[in-house]
Each structure stands twice: as C-alpha cells, then as structure tokens.
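Asker: Next comes the structure file my_file-v8.txt, holding compact mmCIF, C-alpha atoms and all ligand atoms.
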# COMPACT_ATOMS: atom_id res chain seq x y z
CA MET Y 298 0.00 0.00 0.00
CA LEU Y 299 1.36 3.42 -0.96
CA ASN Y 300 1.36 5.56 2.17
CA PHE Y 301 3.58 8.36 3.50
CA LYS Y 302 6.12 5.98 5.03
CA ASN Y 303 6.42 3.86 1.89
CA ALA Y 304 6.62 6.96 -0.32
CA ASN Y 305 9.56 8.23 1.78
CA ILE Y 306 11.33 4.84 1.58
CA LEU Y 307 10.74 4.74 -2.18
CA LEU Y 308 12.13 8.28 -2.58
CA LEU Y 309 15.23 7.37 -0.57
CA CYS Y 310 15.82 4.22 -2.65
CA VAL Y 311 15.38 6.02 -5.98
CA VAL Y 312 17.63 8.94 -4.99
CA THR Y 313 20.29 6.53 -3.66
CA ALA Y 314 20.16 4.49 -6.89
CA MET Y 315 20.38 7.66 -8.99
CA THR Y 316 23.36 8.91 -6.94
CA LEU Y 317 25.25 5.65 -7.45
CA LYS Y 318 24.45 5.76 -11.16
CA TYR Y 319 25.48 9.44 -11.34
CA PHE Y 320 28.98 8.64 -10.06
CA SER Y 321 29.45 5.64 -12.35
CA ALA Y 322 27.90 7.19 -15.50
CA PRO Y 323 27.27 10.92 -15.00
CA PHE Y 324 24.01 12.43 -16.31
CA SER Y 325 22.40 15.83 -16.00
CA PRO Y 326 21.79 16.60 -12.29
CA THR Y 327 18.43 18.12 -13.20
CA TYR Y 328 17.08 14.53 -13.37
CA PHE Y 329 17.28 14.50 -9.57
CA ILE Y 330 14.30 16.88 -9.52
CA LEU Y 331 12.03 14.19 -10.97
CA PRO Y 332 11.71 11.84 -7.94
CA PHE Y 333 11.16 14.81 -5.61
CA PHE Y 334 8.49 16.16 -7.95
CA ILE Y 335 6.67 12.81 -8.04
CA TRP Y 336 6.97 12.53 -4.23
CA SER Y 337 5.46 16.04 -3.85
CA LEU Y 338 2.51 15.07 -6.06
CA LEU Y 339 1.90 11.97 -3.95
CA VAL Y 340 2.04 13.96 -0.69
CA PHE Y 341 -0.32 16.57 -2.13
CA TYR Y 342 -2.75 13.81 -3.18
CA GLY Y 343 -2.49 12.23 0.28
CA CYS Y 344 -3.20 15.54 2.03
CA TYR Y 345 -6.27 16.41 0.00
CA ARG Y 346 -7.89 12.98 -0.56
CA ILE Y 347 -9.45 12.11 2.75
CA ASP Y 348 -10.10 8.54 1.57
CA SER Y 349 -6.50 7.96 0.43
CA GLY Y 350 -5.28 6.57 3.77
CA PHE Y 351 -1.91 8.11 2.89
CA PHE Y 352 -1.17 9.49 6.37
CA ILE Y 353 -3.85 7.78 8.46
CA LYS Y 354 -6.81 5.56 7.68
CA ILE Y 355 -10.00 7.59 7.81
CA LYS Y 356 -13.31 5.76 7.61
CA CYS Y 357 -15.41 7.26 4.83
CA LYS Y 358 -18.20 4.72 4.30
CA GLU Y 359 -19.49 1.43 5.65
CA ASP Y 360 -19.28 -1.83 3.76
CA THR Y 361 -22.83 -3.10 4.14
CA GLU Y 362 -25.70 -4.61 2.18
CA GLU Y 363 -28.24 -2.83 4.35
CA LYS Y 364 -29.97 0.16 2.70
CA VAL Y 365 -28.66 2.61 5.22
CA MET Y 366 -26.76 5.90 4.85
CA SER Y 367 -25.50 8.66 7.12
CA LEU Y 368 -26.14 12.40 6.92
CA THR Y 369 -23.39 14.65 8.25
CA PHE Y 370 -23.40 18.43 8.68
CA ASP Y 371 -20.14 20.34 9.15
CA ASP Y 372 -19.17 23.80 10.39
CA GLY Y 373 -22.17 24.68 12.58
CA PRO Y 374 -23.93 25.44 14.72
CA SER Y 375 -25.28 28.33 12.69
CA PRO Y 376 -27.92 30.63 14.19
CA GLU Y 377 -29.45 31.10 10.72
CA HIS Y 378 -29.69 27.52 9.53
CA THR Y 379 -29.11 24.83 12.14
CA ALA Y 380 -32.48 25.14 13.90
CA ILE Y 381 -34.34 24.77 10.60
CA ILE Y 382 -32.27 21.71 9.68
CA LEU Y 383 -33.06 20.24 13.10
CA ASP Y 384 -36.78 20.94 12.48
CA ILE Y 385 -36.65 19.11 9.12
CA LEU Y 386 -34.82 16.15 10.66
CA LYS Y 387 -37.35 16.00 13.50
CA VAL Y 388 -40.37 16.00 11.18
CA ASN Y 389 -38.80 13.19 9.18
CA ASN Y 390 -37.63 11.29 12.26
CA VAL Y 391 -34.05 11.25 10.94
CA LYS Y 392 -30.93 11.30 13.14
CA ALA Y 393 -27.77 12.89 11.77
CA THR Y 394 -24.22 13.69 12.83
CA PHE Y 395 -23.06 17.29 13.32
CA PHE Y 396 -19.33 17.99 13.14
CA CYS Y 397 -19.35 21.33 14.92
CA ILE Y 398 -16.75 24.06 15.16
CA GLY Y 399 -15.97 25.05 18.75
CA ARG Y 400 -15.93 28.81 18.19
CA ASN Y 401 -19.33 28.55 16.48
CA ILE Y 402 -20.74 26.88 19.59
CA GLU Y 403 -19.99 30.10 21.51
CA GLY Y 404 -23.34 31.88 21.80
CA ASN Y 405 -25.15 28.92 20.22
CA GLU Y 406 -24.98 26.56 23.19
CA ASP Y 407 -28.74 25.95 23.03
CA LEU Y 408 -28.41 24.56 19.51
CA LEU Y 409 -25.78 22.10 20.72
CA LYS Y 410 -28.03 21.05 23.59
CA ARG Y 411 -30.91 20.60 21.16
CA MET Y 412 -28.85 18.39 18.80
CA HIS Y 413 -27.92 16.20 21.76
CA ARG Y 414 -31.43 16.13 23.24
CA GLU Y 415 -32.98 15.14 19.90
CA GLY Y 416 -30.69 12.15 19.45
CA HIS Y 417 -28.19 13.48 16.93
CA THR Y 418 -24.50 12.76 17.30
CA ILE Y 419 -21.98 15.58 17.73
CA GLY Y 420 -18.38 15.28 16.58
CA ASN Y 421 -15.26 17.42 16.87
CA HIS Y 422 -14.41 19.50 13.80
CA SER Y 423 -11.76 21.55 15.70
CA TYR Y 424 -12.26 24.62 17.86
CA SER Y 425 -10.83 27.21 15.48
CA HIS Y 426 -11.28 25.65 12.01
CA ALA Y 427 -8.49 28.12 11.22
CA PHE Y 428 -7.55 28.71 7.60
CA TRP Y 429 -3.99 27.64 8.48
CA PHE Y 430 -5.11 24.72 10.69
CA ASP Y 431 -3.16 22.22 8.58
CA LEU Y 432 0.04 24.15 9.23
CA PHE Y 433 -0.39 24.15 13.02
CA SER Y 434 2.26 22.34 15.05
CA LYS Y 435 1.28 19.02 16.66
CA THR Y 436 0.99 20.72 20.04
CA LYS Y 437 -1.14 23.59 18.78
CA MET Y 438 -3.38 21.26 16.81
CA THR Y 439 -3.86 18.90 19.75
CA ARG Y 440 -4.70 21.86 22.03
CA ASP Y 441 -7.22 23.15 19.49
CA LEU Y 442 -9.05 19.80 19.49
CA GLU Y 443 -8.90 19.63 23.29
CA GLN Y 444 -10.40 23.12 23.48
CA PHE Y 445 -13.37 21.85 21.46
CA ASP Y 446 -13.77 18.86 23.77
CA LEU Y 447 -13.71 21.06 26.88
CA LYS Y 448 -16.33 23.38 25.41
CA MET Y 449 -18.61 20.50 24.47
CA ARG Y 450 -18.18 18.75 27.81
CA SER Y 451 -19.05 21.99 29.65
CA ILE Y 452 -22.37 22.16 27.78
CA ILE Y 453 -23.61 18.60 27.39
CA GLY Y 454 -21.31 16.71 29.74
CA VAL Y 455 -19.71 14.36 27.20
CA ARG Y 456 -16.48 14.35 25.19
CA PRO Y 457 -16.68 13.49 21.47
CA LYS Y 458 -14.97 10.41 20.10
CA LEU Y 459 -15.61 11.29 16.45
CA PHE Y 460 -13.39 13.79 14.65
CA ARG Y 461 -13.53 15.12 11.11
CA PRO Y 462 -10.44 17.05 9.98
CA PRO Y 463 -11.12 20.66 8.94
CA TYR Y 464 -11.19 20.96 5.12
CA GLY Y 465 -10.78 17.17 5.01
CA VAL Y 466 -7.02 17.65 4.96
CA THR Y 467 -4.70 15.14 6.61
CA ASN Y 468 -0.96 15.32 7.24
CA PRO Y 469 1.50 13.94 9.84
CA ASN Y 470 0.40 16.52 12.47
CA VAL Y 471 -3.30 15.75 11.95
CA LYS Y 472 -2.43 12.06 12.36
CA ALA Y 473 -0.54 12.80 15.59
CA SER Y 474 -3.43 14.88 16.96
CA ILE Y 475 -5.93 12.10 16.17
CA ILE Y 476 -3.71 9.60 18.00
CA ASN Y 477 -3.08 11.99 20.93
CA GLY Y 478 -6.81 12.54 21.43
CA ASN Y 479 -7.73 8.92 20.68
CA TYR Y 480 -10.35 10.10 18.18
CA PHE Y 481 -12.19 8.04 15.60
CA PRO Y 482 -11.50 9.93 12.33
CA VAL Y 483 -14.43 10.27 9.96
CA GLY Y 484 -14.53 11.31 6.32
CA TRP Y 485 -17.27 11.09 3.73
CA SER Y 486 -18.08 9.27 0.50
CA ILE Y 487 -20.50 11.76 -1.10
CA ARG Y 488 -19.33 15.38 -1.09
CA SER Y 489 -22.38 17.52 -1.80
CA MET Y 490 -20.40 20.71 -2.57
CA ASP Y 491 -23.32 22.58 -0.99
CA THR Y 492 -21.01 25.46 0.01
CA VAL Y 493 -20.57 26.40 -3.64
CA ALA Y 494 -23.77 25.01 -5.21
CA LYS Y 495 -26.17 27.52 -6.73
CA ASP Y 496 -28.72 25.26 -8.42
CA LYS Y 497 -31.04 23.31 -6.10
CA VAL Y 498 -32.14 20.81 -8.75
CA ARG Y 499 -28.58 20.00 -9.75
CA LEU Y 500 -27.43 19.69 -6.12
CA LEU Y 501 -30.28 17.34 -5.30
CA LYS Y 502 -29.56 15.26 -8.41
CA ASN Y 503 -25.80 15.12 -7.75
CA VAL Y 504 -26.25 13.92 -4.18
CA SER Y 505 -29.16 11.52 -4.75
CA SER Y 506 -27.46 9.90 -7.76
CA GLY Y 507 -24.86 8.62 -5.31
CA PHE Y 508 -27.34 6.95 -2.96
CA ALA Y 509 -26.06 3.48 -2.08
CA ALA Y 510 -25.73 1.28 0.98
CA GLY Y 511 -23.23 2.60 3.53
CA GLU Y 512 -22.65 6.04 1.98
CA VAL Y 513 -21.78 9.06 4.13
CA ILE Y 514 -23.03 12.39 2.81
CA LEU Y 515 -21.21 15.63 3.58
CA PHE Y 516 -23.38 18.72 3.98
CA HIS Y 517 -22.91 21.99 5.88
CA ASP Y 518 -25.53 23.40 8.25
CA THR Y 519 -24.25 26.85 7.30
CA CYS Y 520 -25.78 26.92 3.81
CA GLU Y 521 -29.17 28.19 2.71
CA ILE Y 522 -29.35 25.72 -0.17
CA THR Y 523 -28.81 22.73 2.13
CA LYS Y 524 -31.94 23.29 4.16
CA GLU Y 525 -33.86 24.02 0.94
CA ILE Y 526 -33.12 20.63 -0.62
CA LEU Y 527 -33.15 18.57 2.58
CA PRO Y 528 -36.90 17.70 2.71
CA GLU Y 529 -36.86 16.47 -0.90
CA LEU Y 530 -33.61 14.59 -0.38
CA LEU Y 531 -35.07 12.74 2.59
CA ALA Y 532 -38.23 11.96 0.61
CA LEU Y 533 -36.17 10.56 -2.30
CA ALA Y 534 -34.16 8.35 0.05
CA ARG Y 535 -37.34 7.09 1.70
CA GLU Y 536 -38.91 6.27 -1.71
CA GLN Y 537 -35.82 4.22 -2.56
CA GLY Y 538 -36.06 2.31 0.71
CA PHE Y 539 -33.09 3.89 2.51
CA HIS Y 540 -33.00 4.81 6.16
CA TRP Y 541 -30.47 6.86 8.11
CA LYS Y 542 -28.07 6.17 10.93
CA THR Y 543 -25.72 8.45 12.82
CA ILE Y 544 -22.01 7.90 12.13
CA ASP Y 545 -21.41 6.02 15.38
CA GLN Y 546 -24.32 3.69 14.55
CA LEU Y 547 -23.23 3.21 10.93
CA PHE Y 548 -19.58 2.57 11.84
CA HIS Y 549 -20.40 0.58 15.00
CA THR Y 550 -18.32 2.79 17.25
CA GLN Y 551 -18.76 5.07 20.26
CA ALA Y 552 -20.03 8.63 19.85
CA TYR Y 553 -18.66 9.85 23.17
CA VAL Y 554 -16.23 8.96 25.91
ZN ZN K 1 -15.30 22.36 7.92
Have the structure of the file written as structure tokens, please.

Answerer:
Amino acid sequence: MLNFKNANILLLCVVTAMTLKYFSAPFSPTYFILPFFIWSLLVFYGCYRIDSGFFIKIKCKEDTEEKVMSLTFDDGPSPEHTAIILDILKVNNVKATFFCIGRNIEGNEDLLKRMHREGHTIGNHSYSHAFWFDLFSKTKMTRDLEQFDLKMRSIIGVRPKLFRPPYGVTNPNVKASIINGNYFPVGWSIRSMDTVAKDKVRLLKNVSSGFAAGEVILFHDTCEITKEILPELLALAREQGFHWKTIDQLFHTQAYV
C-alpha cells in the first residue's frame, strides 16, 4: 500500500540508486528533480484525498448490504440555519451527525443542547477551524481539538470520540493529533459541494445519484441551499427504501467517551 512511510522509503531508494548511477555514469543533475516532484505530487494527493489513507486511515463509508446511509453536517452550529435543519430532521424522524466548530458553539450553546437532546451525534471539527489549521504544530493542533472537547463537555457533559479534519485535509500533524486525542476519524463518500452550489435541482440530483448502501453524505448546516433541498432529499431516500443512521451507529463505534 502506498502511504507516507512507503513513499519516503521509495524516494530514498530512488535517490540513492540515482546517486550511485550518477557517479558511475554521469548524467544531468536536473534529473534528480524528478523523484522529488513525483513525491510532492503523492504527498499533495495524500493531504487532500481524505479517503487515500496516505497518512492515516480515515473511515469514509461502511461496507454493508443494508440500505442505510449517514447524513453529516459540518461547520455549525449556525444561528441562521441549524435550527431549521433540526426541524426538518425531526419532522422526518431522521438522526444525523453534526461535526461542529468550537468557536461557532460560543453563543449557540442551546443549539448544541438541542442536537444532543434530539438524538443526533456531535463530533469534533476543531475549535478554530483556522484557515492555516493544517500548518499548526502538533501541540497547537492537539490543544485546538482539546479546546473543542472542553467546550462541548461543559455544555452537554460528554467528550466526542468522532473527529472530522477541517477541510478534510490530513498530514503527519493531523495524524498525531488524532492519535493523541484517541479520536475516531471520519470522512465522507458523497461530497455535496453545498457550500458552492447555486442550483437546487442540480445539487439534489448530484447527491441523490450517489445513494447506495453505507454512503456518508457531507453537507454543511451553514448553507441556505442545504436546508432548501433537505426535505426532498429525505423523501427521495425514503422512496428508494433507505434509512439513516448516525455515524457512530453506521460505523459501529462510540459517539462519546
Ligand atoms: Zn469544515
């Protein structure tokens, strides 16, 4: 399996072989750029493909025959949208998973309590969700995740086990922070792109065309369009015989510790 460790070993072997060759039969030194370029592409792919398992294995879907899927909402709670999404889920008797941002919980503690009270699962999506989160040191990143846990525990009395990396980016420091906090890392298998979608019909079609057993759908409870398509999306899933589970139920793991 091609992961970060194996890519580094491969790079070392190729560069060593090229160096030996260079001294026995000299060639243009610019050829040495090539293995580093390929290595950089691999690392870039590993960072930005959450399902690559390049740095750490992140569960993105469940292997099951059962017609079950999981709805996830990132980046909330949002005072404009989250309550309406919770209303829609309640009417349809659907439980979802909310990967909240700690700083967005500030002032919206009641929304967090409501998610918990109504049977939804809450996961850690970092406290800051900073633009430069991926460049944080291991210590800073670990503290950021702990800050989320403390905030959540102070409101609903439990610490999350589930963690979704901000922006879906992984790297060695994200891996270390997941291990330090003993989190269960969660990705997705259907990315709705609701943060950039403009056309409701197209968004609904794009997401529903991916309906299949064990899929995990990524939405954001910070988008107007998400709450607009949600009732129809749930109706379509119901017509096709699907039901919904929270991530901890789908992946047979703990939600909280
Ligand atoms: Zn996010």

Asker: For the atom pair CA of Asn470 in chain Y and CA of Trp485 in chain Y, what is the interatomic distance in Å to one decimal place?

Answerer: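 Computing the Euclidean distance for CA of Asn470 in chain Y and CA of Trp485 in chain Y yields 20.4 Å.
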
Asker: Excluding range 502-504 of chain Y and its own-chain neighbours fewer than 6 positions away, which residues fall within 8 Å of it when counting only C-alpha atoms? Please give them as a PyMOL selection string.

Answerer: chain Y and resi 487-489+514

Asker: With distances taken over only C-alpha atoms, which residue among Y:Met412, Y:Met366, Y:Met449, Y:Ile353 lies nearest Gly507 in chain Y?

Answerer: Y:Met366

Asker: Just checking: using all atoms listed in the file, which residue out of Y:Met438, Y:Phe548, Y:Ser375, Y:Ile476 ends up closest to Leu408 in chain Y?

Answerer: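 Of the candidates, the smallest distance to Leu408 in chain Y is held by Y:Ser375.
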
Asker: Within 7 Å of ligand ZN 1 (chain K), counting all atoms listed in the file: which residues, as a PDB file with C-alpha atoms, in the coordinates of the input?

Answerer:
ATOM      1  CA  ASP Y 371     -20.140  20.340   9.150  1.00  0.00           C
ATOM      2  CA  ASP Y 372     -19.170  23.800  10.390  1.00  0.00           C
ATOM      3  CA  HIS Y 422     -14.410  19.500  13.800  1.00  0.00           C
ATOM      4  CA  HIS Y 426     -11.280  25.650  12.010  1.00  0.00           C
ATOM      5  CA  PRO Y 463     -11.120  20.660   8.940  1.00  0.00           C
ATOM      6  CA  TYR Y 464     -11.190  20.960   5.120  1.00  0.00           C
TER       7      TYR Y 464
END

Asker: With all atoms listed in the file as the basis for distance, which of Y:Gly350, Y:Gly343, Y:Gly416, Y:Pro326 is at the shortest distance from Pro482 in chain Y?

Answerer: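 Ranked by minimum distance to Pro482 in chain Y, first place goes to Y:Gly350.
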
Asker: Taking into account all atoms listed in the file, which residue in the set Y:Glu359, Y:Asp407, Y:Asp348, Y:Asp518 is nearest to Lys542 in chain Y?

Answerer: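 Of Y:Glu359, Y:Asp407, Y:Asp348, Y:Asp518, the one nearest Lys542 in chain Y, counting all atoms listed in the file, is Y:Glu359.
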
Asker: Excluding Arg456 in chain Y and its own-chain neighbours fewer than 5 positions away, which residues fall within 6 Å of it when counting all atoms listed in the file? Please give them as a ChimeraX atom specification.

Answerer: /Y:446,450,553-554

Asker: As AutoDock Vina command-line options, what would the box around range 502-510 of chain Y look like: edges along x, y and z, 5 Å added on every side, centre and edge lengths in Å to one decimal?

Answerer:
--center_x -27.2 --center_y 8.3 --center_z -3.7 --size_x 14.7 --size_y 24.0 --size_z 19.4

Asker: Measuring between only C-alpha atoms, which one of Y:Leu409, Y:Ala552, Y:Leu386, Y:Val471 shows the shortest distance to Lys524 in chain Y?

Answerer: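 Using only C-alpha atoms, Lys524 in chain Y sits closest to Y:Leu386.
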
Asker: Rank nothing, just name the residue among Y:Leu317, Y:Ala427, Y:Val340, Y:Leu531 nearest to Leu299 in chain Y, using only C-alpha atoms.

Answerer: Y:Val340

Asker: Would you kindly return, as JSON, numbers by chain, each protein, DNA or RNA residue with an atom no farther than 12 Å from any atom of Phe370 in chain Y, considering all atoms listed in the file and excluding same-chain residues fewer than 3 positions away?

Answerer: {"Y": [367, 373, 374, 375, 378, 379, 382, 383, 386, 392, 393, 394, 395, 396, 397, 398, 412, 417, 418, 419, 420, 421, 422, 461, 484, 485, 488, 489, 490, 491, 492, 513, 514, 515, 516, 517, 518, 519, 520, 523, 524, 527, 543, 544]}

Asker: Write a file of the selected residues as a PDB file, in the frame of the given file, keeping C-alpha atoms.

Answerer:
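Wrote it out as selection_24.pdb, contents follow:
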ATOM      1  CA  SER Y 367     -25.500   8.660   7.120  1.00  0.00           C
ATOM      2  CA  GLY Y 373     -22.170  24.680  12.580  1.00  0.00           C
ATOM      3  CA  PRO Y 374     -23.930  25.440  14.720  1.00  0.00           C
ATOM      4  CA  SER Y 375     -25.280  28.330  12.690  1.00  0.00           C
ATOM      5  CA  HIS Y 378     -29.690  27.520   9.530  1.00  0.00           C
ATOM      6  CA  THR Y 379     -29.110  24.830  12.140  1.00  0.00           C
ATOM      7  CA  ILE Y 382     -32.270  21.710   9.680  1.00  0.00           C
ATOM      8  CA  LEU Y 383     -33.060  20.240  13.100  1.00  0.00           C
ATOM      9  CA  LEU Y 386     -34.820  16.150  10.660  1.00  0.00           C
ATOM     10  CA  LYS Y 392     -30.930  11.300  13.140  1.00  0.00           C
ATOM     11  CA  ALA Y 393     -27.770  12.890  11.770  1.00  0.00           C
ATOM     12  CA  THR Y 394     -24.220  13.690  12.830  1.00  0.00           C
ATOM     13  CA  PHE Y 395     -23.060  17.290  13.320  1.00  0.00           C
ATOM     14  CA  PHE Y 396     -19.330  17.990  13.140  1.00  0.00           C
ATOM     15  CA  CYS Y 397     -19.350  21.330  14.920  1.00  0.00           C
ATOM     16  CA  ILE Y 398     -16.750  24.060  15.160  1.00  0.00           C
ATOM     17  CA  MET Y 412     -28.850  18.390  18.800  1.00  0.00           C
ATOM     18  CA  HIS Y 417     -28.190  13.480  16.930  1.00  0.00           C
ATOM     19  CA  THR Y 418     -24.500  12.760  17.300  1.00  0.00           C
ATOM     20  CA  ILE Y 419     -21.980  15.580  17.730  1.00  0.00           C
ATOM     21  CA  GLY Y 420     -18.380  15.280  16.580  1.00  0.00           C
ATOM     22  CA  ASN Y 421     -15.260  17.420  16.870  1.00  0.00           C
ATOM     23  CA  HIS Y 422     -14.410  19.500  13.800  1.00  0.00           C
ATOM     24  CA  ARG Y 461     -13.530  15.120  11.110  1.00  0.00           C
ATOM     25  CA  GLY Y 484     -14.530  11.310   6.320  1.00  0.00           C
ATOM     26  CA  TRP Y 485     -17.270  11.090   3.730  1.00  0.00           C
ATOM     27  CA  ARG Y 488     -19.330  15.380  -1.090  1.00  0.00           C
ATOM     28  CA  SER Y 489     -22.380  17.520  -1.800  1.00  0.00           C
ATOM     29  CA  MET Y 490     -20.400  20.710  -2.570  1.00  0.00           C
ATOM     30  CA  ASP Y 491     -23.320  22.580  -0.990  1.00  0.00           C
ATOM     31  CA  THR Y 492     -21.010  25.460   0.010  1.00  0.00           C
ATOM     32  CA  VAL Y 513     -21.780   9.060   4.130  1.00  0.00           C
ATOM     33  CA  ILE Y 514     -23.030  12.390   2.810  1.00  0.00           C
ATOM     34  CA  LEU Y 515     -21.210  15.630   3.580  1.00  0.00           C
ATOM     35  CA  PHE Y 516     -23.380  18.720   3.980  1.00  0.00           C
ATOM     36  CA  HIS Y 517     -22.910  21.990   5.880  1.00  0.00           C
ATOM     37  CA  ASP Y 518     -25.530  23.400   8.250  1.00  0.00           C
ATOM     38  CA  THR Y 519     -24.250  26.850   7.300  1.00  0.00           C
ATOM     39  CA  CYS Y 520     -25.780  26.920   3.810  1.00  0.00           C
ATOM     40  CA  THR Y 523     -28.810  22.730   2.130  1.00  0.00           C
ATOM     41  CA  LYS Y 524     -31.940  23.290   4.160  1.00  0.00           C
ATOM     42  CA  LEU Y 527     -33.150  18.570   2.580  1.00  0.00           C
ATOM     43  CA  THR Y 543     -25.720   8.450  12.820  1.00  0.00           C
ATOM     44  CA  ILE Y 544     -22.010   7.900  12.130  1.00  0.00           C
TER      45      ILE Y 544
END

Asker: Which residues are close to Phe481 in chain Y, i.e. within 8 Å by all atoms listed in the file, leaving aside same-chain residues fewer than 2 positions away? Reply as a PyMOL selection string.

Answerer: chain Y and resi 458-460+475+479+483

Asker: Once you have the residues from the selection above, write them out as a compact mmCIF listing (two decimals), in the coordinates of the input, restricted to C-alpha atoms.

Answerer:
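Generated output (selection.txt):
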# COMPACT_ATOMS: atom_id res chain seq x y z
CA LYS Y 458 -14.97 10.41 20.10
CA LEU Y 459 -15.61 11.29 16.45
CA PHE Y 460 -13.39 13.79 14.65
CA ILE Y 475 -5.93 12.10 16.17
CA ASN Y 479 -7.73 8.92 20.68
CA VAL Y 483 -14.43 10.27 9.96
